[in-house]
Amino acid sequence: MEYQRAQEIIASPAEYEVSYNGVSVWIDKVHDDKKTATVHLRRSLEERSEVDISELKEESLIQ
């Protein structure tokens, strides 16, 4: 994923399916370095990780 897209997802009221290493995550914050973001597992608010934005993947939602 690119920095700009991560920013758009955070700013949007819609919900997007994003994964990190095949696991569904929620983006909490995109950092000013434009390379990393803080994410947490969708099912666990307690465990947060800082990851490379380039490793985040927006999943297609089949309707």
# chains A, B, ... in the order shown; residues from 1 in each chain; ligands from 1
>>> residues_around(residues="A:Trp26", least_positions_apart="5", cutoff="7 Å", atoms="only C-alpha atoms", output="MDAnalysis selection string")
chainID A and resid 18 39:42
>>> write_last_selection(atoms="N, CA and C atoms", output="mmCIF file, in the first residue's frame")
data_model
loop_
_atom_site.group_PDB
_atom_site.id
_atom_site.type_symbol
_atom_site.label_atom_id
_atom_site.label_comp_id
_atom_site.auth_asym_id
_atom_site.auth_seq_id
_atom_site.Cartn_x
_atom_site.Cartn_y
_atom_site.Cartn_z
ATOM 1 N N VAL A 18 -8.172 -4.328 5.277
ATOM 2 C CA VAL A 18 -6.725 -4.186 5.137
ATOM 3 C C VAL A 18 -6.069 -5.352 5.850
ATOM 4 N N VAL A 39 -0.879 -0.263 13.606
ATOM 5 C CA VAL A 39 -2.063 -1.064 13.313
ATOM 6 C C VAL A 39 -2.390 -1.955 14.507
ATOM 7 N N HIS A 40 -3.632 -2.444 14.554
ATOM 8 C CA HIS A 40 -3.989 -3.471 15.528
ATOM 9 C C HIS A 40 -4.871 -4.511 14.844
ATOM 10 N N LEU A 41 -4.861 -5.711 15.397
ATOM 11 C CA LEU A 41 -5.726 -6.777 14.895
ATOM 12 C C LEU A 41 -7.172 -6.341 15.067
ATOM 13 N N ARG A 42 -8.008 -6.653 14.122
ATOM 14 C CA ARG A 42 -9.420 -6.241 14.214
ATOM 15 C C ARG A 42 -10.108 -6.790 15.462
#
>>> residues_around(residues="A:Ser54", least_positions_apart="5", cutoff="9 Å", atoms="only C-alpha atoms", output="list in words")
Met1, Glu2, Tyr3, Lys35 and Thr36 of chain A
>>> select_by_dssp(residues="chain A", states="alpha helix (DSSP H)", output="PDB file with N, CA, C and O atoms, in the first residue's frame")
ATOM      1  N   TYR A   3       1.514   5.376   0.988  1.00  0.00           N
ATOM      2  CA  TYR A   3       1.219   6.301   2.083  1.00  0.00           C
ATOM      3  C   TYR A   3      -0.101   7.036   1.853  1.00  0.00           C
ATOM      4  O   TYR A   3      -0.936   7.092   2.757  1.00  0.00           O
ATOM      5  N   GLN A   4      -0.288   7.590   0.662  1.00  0.00           N
ATOM      6  CA  GLN A   4      -1.490   8.372   0.376  1.00  0.00           C
ATOM      7  C   GLN A   4      -2.752   7.544   0.551  1.00  0.00           C
ATOM      8  O   GLN A   4      -3.743   8.015   1.103  1.00  0.00           O
ATOM      9  N   ARG A   5      -2.730   6.284   0.109  1.00  0.00           N
ATOM     10  CA  ARG A   5      -3.912   5.425   0.244  1.00  0.00           C
ATOM     11  C   ARG A   5      -4.192   5.127   1.711  1.00  0.00           C
ATOM     12  O   ARG A   5      -5.348   5.112   2.134  1.00  0.00           O
ATOM     13  N   ALA A   6      -3.158   4.900   2.487  1.00  0.00           N
ATOM     14  CA  ALA A   6      -3.346   4.662   3.926  1.00  0.00           C
ATOM     15  C   ALA A   6      -3.993   5.880   4.582  1.00  0.00           C
ATOM     16  O   ALA A   6      -4.899   5.742   5.412  1.00  0.00           O
ATOM     17  N   GLN A   7      -3.571   7.077   4.202  1.00  0.00           N
ATOM     18  CA  GLN A   7      -4.172   8.313   4.720  1.00  0.00           C
ATOM     19  C   GLN A   7      -5.653   8.390   4.345  1.00  0.00           C
ATOM     20  O   GLN A   7      -6.491   8.776   5.164  1.00  0.00           O
ATOM     21  N   GLU A   8      -5.977   8.052   3.102  1.00  0.00           N
ATOM     22  CA  GLU A   8      -7.368   8.084   2.637  1.00  0.00           C
ATOM     23  C   GLU A   8      -8.239   7.115   3.432  1.00  0.00           C
ATOM     24  O   GLU A   8      -9.373   7.434   3.788  1.00  0.00           O
ATOM     25  N   ILE A   9      -7.716   5.934   3.707  1.00  0.00           N
ATOM     26  CA  ILE A   9      -8.474   4.931   4.458  1.00  0.00           C
ATOM     27  C   ILE A   9      -8.754   5.430   5.871  1.00  0.00           C
ATOM     28  O   ILE A   9      -9.876   5.311   6.373  1.00  0.00           O
ATOM     29  N   ILE A  10      -7.755   6.017   6.519  1.00  0.00           N
ATOM     30  CA  ILE A  10      -7.956   6.537   7.876  1.00  0.00           C
ATOM     31  C   ILE A  10      -8.990   7.659   7.894  1.00  0.00           C
ATOM     32  O   ILE A  10      -9.815   7.745   8.796  1.00  0.00           O
ATOM     33  N   ALA A  11      -8.963   8.544   6.894  1.00  0.00           N
ATOM     34  CA  ALA A  11      -9.854   9.701   6.850  1.00  0.00           C
ATOM     35  C   ALA A  11     -11.283   9.348   6.445  1.00  0.00           C
ATOM     36  O   ALA A  11     -12.206  10.110   6.705  1.00  0.00           O
TER      37      ALA A  11
END
>>> residues_around(residues="A:Tyr16", least_positions_apart="4", cutoff="9 Å", atoms="only C-alpha atoms", output="ChimeraX atom specification")
/A:9,12,26,58-61
>>> closest_residue(among="A:Lys34, A:Lys57, A:Arg43, A:Arg48", to="A:Ser19", atoms="only C-alpha atoms")
A:Lys57
>>> atom_distance(atom1="atom CA of A:Glu47", atom2="atom CA of A:Asp33")
21.8 Å
>>> select_by_dssp(residues="chain A", states="strand (DSSP E)", output="MDAnalysis selection string")
chainID A and resid 18:20 23:30 36:41 48:52 56:58
